[in-house]
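Below is input-v9.txt, holding compact mmCIF, C-alpha atoms.
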```
# COMPACT_ATOMS: atom_id res chain seq x y z
CA MET F 3 -3.28 31.86 79.55
CA ALA F 4 -3.24 31.89 83.30
CA ASN F 5 0.29 33.08 83.49
CA ALA F 6 1.82 32.35 86.86
CA LEU F 7 1.14 30.12 89.83
CA ILE F 8 2.70 31.25 93.10
CA ASN F 9 2.80 29.37 96.36
CA VAL F 10 3.90 31.30 99.44
CA PRO F 11 2.79 30.28 102.95
CA PRO F 12 0.21 32.88 104.06
CA ARG F 13 1.70 33.10 107.55
CA ALA F 14 4.95 32.15 109.22
CA LYS F 15 6.88 32.63 112.48
CA ARG F 16 9.67 35.21 112.55
CA GLY F 17 12.96 33.55 111.66
CA GLU F 18 11.28 30.54 110.08
CA ILE F 19 12.60 29.20 106.77
CA ILE F 20 9.81 29.27 104.20
CA GLU F 21 9.62 27.61 100.80
CA ILE F 22 8.44 29.62 97.83
CA LYS F 23 7.31 27.89 94.65
CA THR F 24 6.63 29.55 91.32
CA LEU F 25 5.41 28.18 88.02
CA ILE F 26 5.08 30.27 84.89
CA SER F 27 3.56 29.56 81.51
CA HIS F 28 6.17 30.01 78.77
CA PRO F 29 7.18 27.97 75.69
CA MET F 30 10.98 28.38 76.30
CA GLU F 31 11.71 27.99 72.60
CA THR F 32 15.43 27.22 72.41
CA GLY F 33 16.31 28.89 69.11
CA TYR F 34 18.06 25.73 67.96
CA ARG F 35 15.06 24.10 66.31
CA ARG F 36 14.01 24.34 62.69
CA THR F 37 10.65 24.03 61.03
CA GLN F 38 9.94 21.21 58.57
CA LEU F 39 10.91 23.60 55.78
CA GLY F 40 14.28 24.34 57.38
CA ALA F 41 13.60 27.85 58.65
CA ALA F 42 15.12 28.56 62.07
CA VAL F 43 12.61 29.00 64.89
CA PRO F 44 13.76 32.16 66.69
CA ARG F 45 14.71 31.90 70.33
CA ASP F 46 11.98 32.86 72.79
CA ILE F 47 12.97 32.23 76.39
CA ILE F 48 12.71 33.84 79.79
CA ARG F 49 16.10 35.35 80.59
CA ALA F 50 15.75 36.44 84.19
CA PHE F 51 13.67 35.85 87.28
CA VAL F 52 13.80 38.11 90.34
CA CYS F 53 12.03 37.92 93.67
CA THR F 54 11.92 40.85 96.07
CA TYR F 55 10.73 40.80 99.67
CA ASN F 56 9.42 44.21 100.72
CA GLY F 57 11.58 45.77 98.02
CA THR F 58 14.79 43.88 98.84
CA GLU F 59 16.03 41.42 96.28
CA ILE F 60 16.26 37.96 97.87
CA PHE F 61 16.54 35.66 94.86
CA ARG F 62 17.60 35.99 91.25
CA ALA F 63 18.01 33.43 88.49
CA GLU F 64 19.30 33.59 84.93
CA LEU F 65 17.58 31.19 82.57
CA HIS F 66 19.09 29.57 79.50
CA PRO F 67 17.81 27.69 76.42
CA ALA F 68 18.20 24.22 78.01
CA ILE F 69 15.44 24.93 80.54
CA ALA F 70 12.14 23.21 79.79
CA ALA F 71 8.87 24.94 78.95
CA ASN F 72 6.81 26.34 81.82
CA PRO F 73 9.74 26.84 84.23
CA PHE F 74 9.15 25.85 87.84
CA ILE F 75 11.41 27.69 90.30
CA ALA F 76 11.38 26.85 94.02
CA PHE F 77 13.62 28.42 96.64
CA SER F 78 13.61 29.26 100.32
CA THR F 79 14.10 32.38 102.40
CA VAL F 80 13.82 33.43 106.03
CA ALA F 81 10.55 35.04 107.08
CA THR F 82 11.70 38.33 108.60
CA GLU F 83 8.66 40.63 108.45
CA SER F 84 5.10 40.83 107.20
CA GLY F 85 4.79 42.19 103.73
CA THR F 86 4.82 41.47 100.05
CA LEU F 87 6.86 39.12 97.93
CA ALA F 88 7.03 40.38 94.37
CA PHE F 89 8.06 38.20 91.44
CA GLN F 90 9.23 39.29 88.02
CA TRP F 91 10.08 37.34 84.92
CA ALA F 92 11.64 38.99 81.87
CA GLY F 93 12.64 37.50 78.55
CA ASP F 94 12.94 37.64 74.79
CA ARG F 95 10.46 39.51 72.57
CA GLY F 96 9.79 41.93 75.42
CA PHE F 97 8.27 39.23 77.62
CA SER F 98 7.51 40.56 81.07
CA GLU F 99 5.29 39.15 83.77
CA THR F 100 4.80 40.05 87.40
CA ALA F 101 3.04 38.48 90.34
CA SER F 102 2.96 39.06 94.06
CA ALA F 103 1.92 37.39 97.28
CA THR F 104 1.53 38.62 100.84
CA ILE F 105 2.83 36.97 103.97
CA SER F 106 2.09 37.78 107.59
CA VAL F 107 4.87 37.08 110.05
CA ASP F 108 4.29 36.93 113.79
CA MET Y 3 15.62 4.45 65.60
CA ARG Y 4 17.27 1.05 65.04
CA GLY Y 5 17.25 0.48 68.80
CA LEU Y 6 13.55 1.23 68.96
CA ARG Y 7 12.83 -1.17 66.13
CA ALA Y 8 14.84 -3.91 67.83
CA ALA Y 9 12.98 -3.28 71.09
CA LEU Y 10 9.61 -3.41 69.36
CA CYS Y 11 10.57 -6.64 67.61
CA ALA Y 12 11.67 -8.09 70.95
CA ILE Y 13 8.28 -7.19 72.37
CA ALA Y 14 6.50 -8.71 69.41
CA LEU Y 15 8.37 -11.97 69.98
CA ALA Y 16 7.83 -11.96 73.74
CA ALA Y 17 4.13 -11.27 73.23
CA SER Y 18 3.46 -14.64 71.71
CA ALA Y 19 4.53 -16.24 74.98
CA SER Y 20 2.34 -14.26 77.36
CA ALA Y 21 -1.31 -13.99 78.23
CA GLY Y 22 -4.35 -11.80 77.56
CA GLU Y 23 -6.39 -9.25 79.46
CA ILE Y 24 -5.15 -7.76 82.71
CA PRO Y 25 -7.30 -8.94 85.64
CA LEU Y 26 -9.26 -6.06 87.25
CA ALA Y 27 -7.33 -6.22 90.53
CA GLU Y 28 -3.96 -6.04 88.79
CA ARG Y 29 -4.62 -2.84 86.89
CA ARG Y 30 -2.19 0.01 87.58
CA SER Y 31 -2.38 3.63 86.63
CA GLY Y 32 0.64 4.97 84.75
CA TYR Y 33 1.19 6.99 87.93
CA ASP Y 34 2.36 3.86 89.76
CA LEU Y 35 5.08 3.27 87.18
CA MET Y 36 6.51 6.80 87.33
CA SER Y 37 9.57 8.06 89.16
CA ARG Y 38 9.20 9.62 92.61
CA GLU Y 39 10.01 13.07 91.22
CA THR Y 40 7.35 12.92 88.50
CA ARG Y 41 4.76 11.73 91.02
CA ALA Y 42 5.63 14.63 93.32
CA MET Y 43 5.09 16.99 90.38
CA GLN Y 44 1.61 15.61 89.76
CA ASP Y 45 0.62 15.53 93.44
CA ASP Y 46 1.45 19.16 94.18
CA ASP Y 47 -1.00 21.49 92.46
CA THR Y 48 1.49 24.35 92.73
CA ALA Y 49 4.12 22.32 90.85
CA ASN Y 50 1.82 20.57 88.35
CA PRO Y 51 2.06 22.51 85.08
CA GLY Y 52 -1.35 21.15 84.04
CA MET Y 53 -2.83 23.58 86.55
CA LEU Y 54 -1.87 26.47 84.26
CA TRP Y 55 -4.45 25.15 81.78
CA VAL Y 56 -6.95 24.48 84.55
CA LEU Y 57 -6.73 28.10 85.67
CA GLU Y 58 -7.13 29.29 82.09
CA GLY Y 59 -10.16 27.02 81.74
CA GLU Y 60 -11.65 28.49 84.88
CA SER Y 61 -11.56 31.95 83.37
CA LEU Y 62 -12.96 30.72 80.02
CA TRP Y 63 -15.83 29.03 81.90
CA THR Y 64 -17.24 32.40 82.96
CA LYS Y 65 -16.36 34.31 79.77
CA LYS Y 66 -19.23 35.21 77.46
CA THR Y 67 -18.63 33.99 73.94
CA GLY Y 68 -20.26 33.43 70.55
CA ASP Y 69 -23.27 35.11 68.94
CA ALA Y 70 -25.45 34.01 71.84
CA GLY Y 71 -23.19 35.99 74.17
CA ARG Y 72 -23.41 33.30 76.79
CA ALA Y 73 -20.79 31.85 79.12
CA CYS Y 74 -20.63 28.16 80.08
CA ALA Y 75 -21.38 29.17 83.66
CA GLU Y 76 -24.72 30.79 82.73
CA CYS Y 77 -26.25 27.38 82.00
CA HIS Y 78 -24.03 25.06 83.99
CA GLY Y 79 -23.39 27.20 87.06
CA ASP Y 80 -20.49 26.43 89.33
CA ALA Y 81 -18.43 23.77 87.56
CA ARG Y 82 -17.05 22.50 90.85
CA ALA Y 83 -20.50 21.10 91.59
CA SER Y 84 -22.19 20.67 88.20
CA MET Y 85 -19.23 19.16 86.35
CA LYS Y 86 -18.05 16.76 89.02
CA GLY Y 87 -17.74 13.30 87.47
CA VAL Y 88 -18.56 14.43 83.93
CA ALA Y 89 -15.09 13.79 82.49
CA ALA Y 90 -15.04 10.33 84.12
CA ARG Y 91 -18.21 9.45 82.15
CA HIS Y 92 -16.95 10.38 78.68
CA PRO Y 93 -17.01 9.32 75.90
CA ALA Y 94 -20.79 9.37 76.40
CA PHE Y 95 -23.63 8.66 73.99
CA ASP Y 96 -24.99 11.66 72.13
CA ALA Y 97 -28.54 11.03 70.92
CA THR Y 98 -28.51 13.58 68.07
CA ARG Y 99 -25.27 12.23 66.64
CA GLY Y 100 -26.24 8.63 67.35
CA ARG Y 101 -22.78 7.77 68.63
CA PRO Y 102 -20.50 8.39 71.62
CA VAL Y 103 -18.72 11.74 71.81
CA THR Y 104 -15.55 12.64 73.70
CA LEU Y 105 -15.32 15.44 76.23
CA GLU Y 106 -13.65 17.61 73.57
CA GLN Y 107 -16.51 16.98 71.15
CA ARG Y 108 -19.08 17.65 73.88
CA VAL Y 109 -17.53 21.05 74.57
CA ASN Y 110 -17.66 21.86 70.86
CA VAL Y 111 -21.27 20.66 70.48
CA CYS Y 112 -22.21 23.01 73.30
CA ARG Y 113 -20.26 25.87 71.76
CA VAL Y 114 -21.82 25.49 68.31
CA ASP Y 115 -25.41 24.70 69.38
CA ARG Y 116 -25.86 26.84 72.46
CA GLN Y 117 -23.22 29.56 72.39
CA LYS Y 118 -23.37 29.96 68.59
CA ALA Y 119 -19.59 30.11 68.57
CA PRO Y 120 -17.18 28.42 66.15
CA SER Y 121 -15.92 25.07 67.39
CA LEU Y 122 -12.44 24.99 68.87
CA ALA Y 123 -9.63 23.16 67.07
CA TYR Y 124 -8.33 19.93 68.60
CA GLU Y 125 -5.28 20.55 70.81
CA SER Y 126 -5.90 24.32 70.74
CA LYS Y 127 -5.04 26.12 73.94
CA GLU Y 128 -8.68 26.99 74.63
CA LEU Y 129 -10.04 23.47 74.14
CA LEU Y 130 -7.28 21.95 76.28
CA ALA Y 131 -7.91 24.59 78.95
CA LEU Y 132 -11.66 23.93 79.05
CA THR Y 133 -11.29 20.15 79.08
CA ALA Y 134 -8.54 20.34 81.71
CA TYR Y 135 -10.80 22.49 83.88
CA LEU Y 136 -13.68 20.03 83.46
CA ALA Y 137 -11.45 17.01 84.04
CA ARG Y 138 -10.03 18.58 87.21
CA GLN Y 139 -13.55 18.54 88.69
CA SER Y 140 -13.59 14.73 88.42
CA ARG Y 141 -10.37 14.12 90.29
CA GLY Y 142 -10.81 11.09 92.53
CA VAL Y 143 -14.10 10.07 90.87
CA PRO Y 144 -14.09 6.45 89.61
CA ILE Y 145 -14.15 6.10 85.83
CA ASP Y 146 -17.62 5.01 84.78
CA VAL Y 147 -18.58 5.11 81.09
CA ALA Y 148 -22.15 3.99 80.42
CA ILE Y 149 -22.25 0.74 78.46
CA ASP Y 150 -25.73 -0.16 77.25
CA GLN Y 151 -27.47 -1.25 74.07
CA ARG Y 152 -26.68 2.05 72.39
CA THR Y 153 -22.96 2.16 73.19
CA GLN Y 154 -22.17 -1.56 73.03
CA PRO Y 155 -21.46 -1.63 69.26
CA PHE Y 156 -18.98 1.26 69.64
CA LEU Y 157 -17.30 -0.46 72.58
CA ASP Y 158 -16.94 -3.59 70.45
CA ALA Y 159 -15.47 -1.54 67.61
CA GLY Y 160 -12.97 0.02 70.03
CA ARG Y 161 -12.07 -3.39 71.38
CA ALA Y 162 -11.49 -4.66 67.84
CA THR Y 163 -9.13 -1.72 67.17
CA PHE Y 164 -7.24 -2.46 70.39
CA TYR Y 165 -6.63 -6.07 69.40
CA ARG Y 166 -6.03 -5.44 65.69
CA ARG Y 167 -2.47 -5.64 64.43
CA GLN Y 168 -1.64 -2.59 62.35
CA GLY Y 169 1.15 -0.49 60.93
CA GLN Y 170 4.41 -1.52 59.33
CA LEU Y 171 5.49 -3.11 62.61
CA ASN Y 172 2.27 -5.15 62.59
CA LEU Y 173 1.56 -4.62 66.29
CA ALA Y 174 -1.71 -4.47 68.19
CA CYS Y 175 -2.18 -2.25 71.29
CA ASN Y 176 -2.57 -5.30 73.54
CA GLN Y 177 0.81 -6.74 72.61
CA CYS Y 178 2.53 -3.96 74.53
CA HIS Y 179 -0.11 -2.84 77.01
CA ASP Y 180 -1.68 -6.16 78.08
CA ASP Y 181 1.17 -8.58 77.54
CA ASN Y 182 4.28 -6.55 78.27
CA TRP Y 183 3.36 -3.73 80.65
CA GLY Y 184 6.00 -2.95 83.25
CA ARG Y 185 8.83 -3.94 80.91
CA ARG Y 186 10.97 -1.41 79.15
CA LEU Y 187 10.74 -0.09 75.64
CA ALA Y 188 13.92 1.87 74.87
CA GLY Y 189 14.37 2.97 78.46
CA ASN Y 190 10.71 3.83 79.07
CA VAL Y 191 8.39 1.69 81.16
CA VAL Y 192 5.50 0.32 79.09
CA PRO Y 193 2.30 1.32 80.96
CA GLN Y 194 -0.99 -0.56 80.98
CA ALA Y 195 -2.58 2.25 78.97
CA HIS Y 196 -5.35 3.31 81.32
CA PRO Y 197 -6.46 6.83 80.41
CA THR Y 198 -6.91 7.98 84.01
CA GLY Y 199 -5.49 11.47 83.77
CA TYR Y 200 -6.32 13.08 80.43
CA PRO Y 201 -5.84 15.78 79.38
CA LEU Y 202 -2.39 15.44 80.92
CA TYR Y 203 0.93 17.22 80.94
CA ARG Y 204 3.53 15.13 79.24
CA LEU Y 205 7.12 16.12 79.94
CA GLU Y 206 8.10 14.90 76.48
CA TRP Y 207 5.55 17.25 74.89
CA GLN Y 208 6.36 20.08 77.31
CA SER Y 209 2.67 20.74 77.09
CA LEU Y 210 -0.79 19.50 77.95
CA GLY Y 211 -2.32 17.09 75.46
CA SER Y 212 -5.46 15.04 74.91
CA LEU Y 213 -5.83 11.26 74.88
CA GLN Y 214 -6.20 11.37 71.11
CA ARG Y 215 -2.83 13.07 70.78
CA ARG Y 216 -1.34 10.22 72.81
CA LEU Y 217 -3.11 7.57 70.71
CA ARG Y 218 -1.91 9.17 67.51
CA GLY Y 219 1.63 9.16 68.91
CA CYS Y 220 1.34 5.46 69.66
CA LEU Y 221 0.04 4.74 66.15
CA THR Y 222 2.95 6.63 64.61
CA GLY Y 223 5.25 4.55 66.85
CA ILE Y 224 4.03 1.32 65.30
CA ARG Y 225 4.23 3.02 61.90
CA ALA Y 226 0.55 3.01 61.24
CA GLU Y 227 -1.10 6.02 59.67
CA PRO Y 228 -2.77 7.80 62.60
CA TYR Y 229 -6.51 8.49 62.43
CA GLU Y 230 -7.55 12.14 62.26
CA TYR Y 231 -8.51 13.90 65.49
CA GLY Y 232 -12.15 13.15 66.24
CA ALA Y 233 -12.24 10.14 63.89
CA ALA Y 234 -14.78 7.48 64.85
CA GLU Y 235 -11.99 4.90 65.29
CA LEU Y 236 -10.24 7.06 67.90
CA VAL Y 237 -13.47 7.82 69.78
CA ASP Y 238 -14.39 4.12 69.90
CA LEU Y 239 -10.89 3.23 71.06
CA GLU Y 240 -11.15 5.94 73.71
CA LEU Y 241 -14.46 4.45 74.85
CA PHE Y 242 -12.93 0.98 75.06
CA LEU Y 243 -9.91 2.25 77.03
CA MET Y 244 -12.16 4.08 79.50
CA TRP Y 245 -14.28 0.96 79.92
CA ARG Y 246 -11.10 -1.06 80.41
CA ALA Y 247 -10.13 1.40 83.20
CA ARG Y 248 -13.61 1.32 84.77
CA GLY Y 249 -13.60 1.98 88.51
CA MET Y 250 -10.09 3.44 88.54
CA PRO Y 251 -9.91 6.93 90.09
CA PHE Y 252 -9.61 9.87 87.72
CA GLU Y 253 -6.47 11.93 88.32
CA ALA Y 254 -6.52 14.78 85.78
CA PRO Y 255 -4.57 16.81 85.04
CA ALA Y 256 -1.93 14.10 85.40
CA VAL Y 257 1.78 14.42 84.67
CA ARG Y 258 3.54 11.74 82.64
CA PRO Y 259 7.15 11.39 81.48
```

Would you mind giving the structure from this file in structure tokens?
Amino acid sequence: MANALINVPPRAKRGEIIEIKTLISHPMETGYRRTQLGAAVPRDIIRAFVCTYNGTEIFRAELHPAIAANPFIAFSTVATESGTLAFQWAGDRGFSETASATISVD
Amino acid sequence: MRGLRAALCAIALAASASAGEIPLAERRSGYDLMSRETRAMQDDDTANPGMLWVLEGESLWTKKTGDAGRACAECHGDARASMKGVAARHPAFDATRGRPVTLEQRVNVCRVDRQKAPSLAYESKELLALTAYLARQSRGVPIDVAIDQRTQPFLDAGRATFYRRQGQLNLACNQCHDDNWGRRLAGNVVPQAHPTGYPLYRLEWQSLGSLQRRLRGCLTGIRAEPYEYGAAELVDLELFLMWRARGMPFEAPAVRP
């Protein structure tokens, strides 16, 4: 599965507010459902999402079972310097996914 | 469940009062009946979850597979050019089978005959990814299934299914989708049932799904026994629905509530 879709503006003016959009493929199984035979379906969700901008954490989210499959997270930050935005998702069953995008600021 | 039954009965009663086919100029894609937020989700490729399958399909397109060790791209080249409009023309007549085949079946025919690979299961991640990738290439292309001497009997069969009452609720497709579109069924807007965006991401499914999955869901809703995936009845119905939506722009992968 193509795992993550990231949208970061490739360039921005210093001090500008930029919007960052992320979409990740994940079933977000709540742990509250049962199969037709009554067996519990174990929980399998993303627990945490972190975004760092040149190594500094700028956004963090905790995710819970009520969040739909394929979570879409959008947030904004101030473009301070050229560099890399790194994204990390971590969850149940050792789920871990990373992605990154570069931005040039002038 | 009781509420749903009451709503369906209300529709069945109302249907007797109202009139037949939707005139061409009054056809609306399900998109037009959606909330602003759901439309925004479909319009923005970075927010549209269907694009996850499209990207997966793009990588499958160039991946060698089967005993022939061939990738789709080795025969078909760049899908952005060679596959433009293909999804908007399916179901299309297949001479060896002597009947129309859906896009899903076409992919599997190619896999079995040319790639010497096992066919993919309906609604499997790979088949949805490949069909989503193909369908994405037809975005904006008007729907145009070929109706000629060979396909006419199958179109007629599909039309008959559309207008045939079935299931324990004894409802035909047209009673909701021709006669009562735009009204509400248990809080949901009844669409005109134009398959403009399949395979599409349905928020209720939390996943991408094919038109046949949707049709089977509708059949279960009227308490009919759904046809199997790939059944002739479903393919003919799909052909009729695409003909009914002829000229409407393709919008896959769409998002629906």

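Shortest atom-to-atom contact with Phe89 of chain F among F:Ala14, F:His66, F:Ile8, F:Ile47: F:Ile8, counting all atoms listed in the file.
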
Report as a PDB file with C-alpha atoms, keeping the file's coordinate frame the set of chain Y residues whose atoms approach chain F to within 6 Å, with distances computed over only C-alpha atoms.
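Contents of out_33.pdb, freshly written:
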```pdb
ATOM      1  CA  LEU Y  54      -1.870  26.470  84.260  1.00  0.00           C
ATOM      2  CA  LEU Y  57      -6.730  28.100  85.670  1.00  0.00           C
ATOM      3  CA  GLU Y  58      -7.130  29.290  82.090  1.00  0.00           C
ATOM      4  CA  GLN Y 208       6.360  20.080  77.310  1.00  0.00           C
TER       5      GLN Y 208
END
```

* By how many Å are atom CA of Thr86 of chain F and atom CA of Ala103 of chain F apart? ->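 Computed distance, atom CA of Thr86 of chain F to atom CA of Ala103 of chain F, equals 5.7 Å.
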
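The neighbours of segment 39-41 of chain Y here are the residues that come within 10 Å of it, using all atoms listed in the file and leaving out any residue fewer than 5 positions away in the same chain; they are Tyr33, Asp34, Asp46, Asn50, Leu205, Ala256, Val257, Arg258 and Pro259 of chain Y.
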
8 Å per side around segment 5-11 of chain F: axis-aligned box centre and edge lengths, as AutoDock Vina command-line options:
```
--center_x 2.1 --center_y 31.2 --center_z 93.2 --size_x 19.6 --size_y 19.7 --size_z 35.5
```

* atom CA of Arg108 of chain Y to atom CA of Gly87 of chain Y, straight-line distance in Å ->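 For atom CA of Gly87 of chain Y relative to atom CA of Arg108 of chain Y, the distance reads 14.3 Å.
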
* Suppose you want the space between atom CA of Gln214 of chain Y and atom CA of Tyr231 of chain Y; what is it in Å? -> 6.6 Å

* Could you give me, as an NGL selection string, the residues within 10 Å of Lys127 of chain Y, counting all atoms listed in the file and dropping anything in the same chain fewer than 5 positions from it? => (:F and (3)) or (:Y and (55 or 58-59 or 122 or 132 or 209-211))

Write out, as a PDB file, in the frame of the given file, the residues just selected, with C-alpha atoms.
```
ATOM      1  CA  MET F   3      -3.280  31.860  79.550  1.00  0.00           C
TER       2      MET F   3
ATOM      3  CA  TRP Y  55      -4.450  25.150  81.780  1.00  0.00           C
ATOM      4  CA  GLU Y  58      -7.130  29.290  82.090  1.00  0.00           C
ATOM      5  CA  GLY Y  59     -10.160  27.020  81.740  1.00  0.00           C
ATOM      6  CA  LEU Y 122     -12.440  24.990  68.870  1.00  0.00           C
ATOM      7  CA  LEU Y 132     -11.660  23.930  79.050  1.00  0.00           C
ATOM      8  CA  SER Y 209       2.670  20.740  77.090  1.00  0.00           C
ATOM      9  CA  LEU Y 210      -0.790  19.500  77.950  1.00  0.00           C
ATOM     10  CA  GLY Y 211      -2.320  17.090  75.460  1.00  0.00           C
TER      11      GLY Y 211
END
```

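The nearest approach to Arg13 of chain F among the residues F:Thr37, F:Thr54, F:Ser84, F:Ser98, with all atoms listed in the file taken into account, belongs to F:Ser84.
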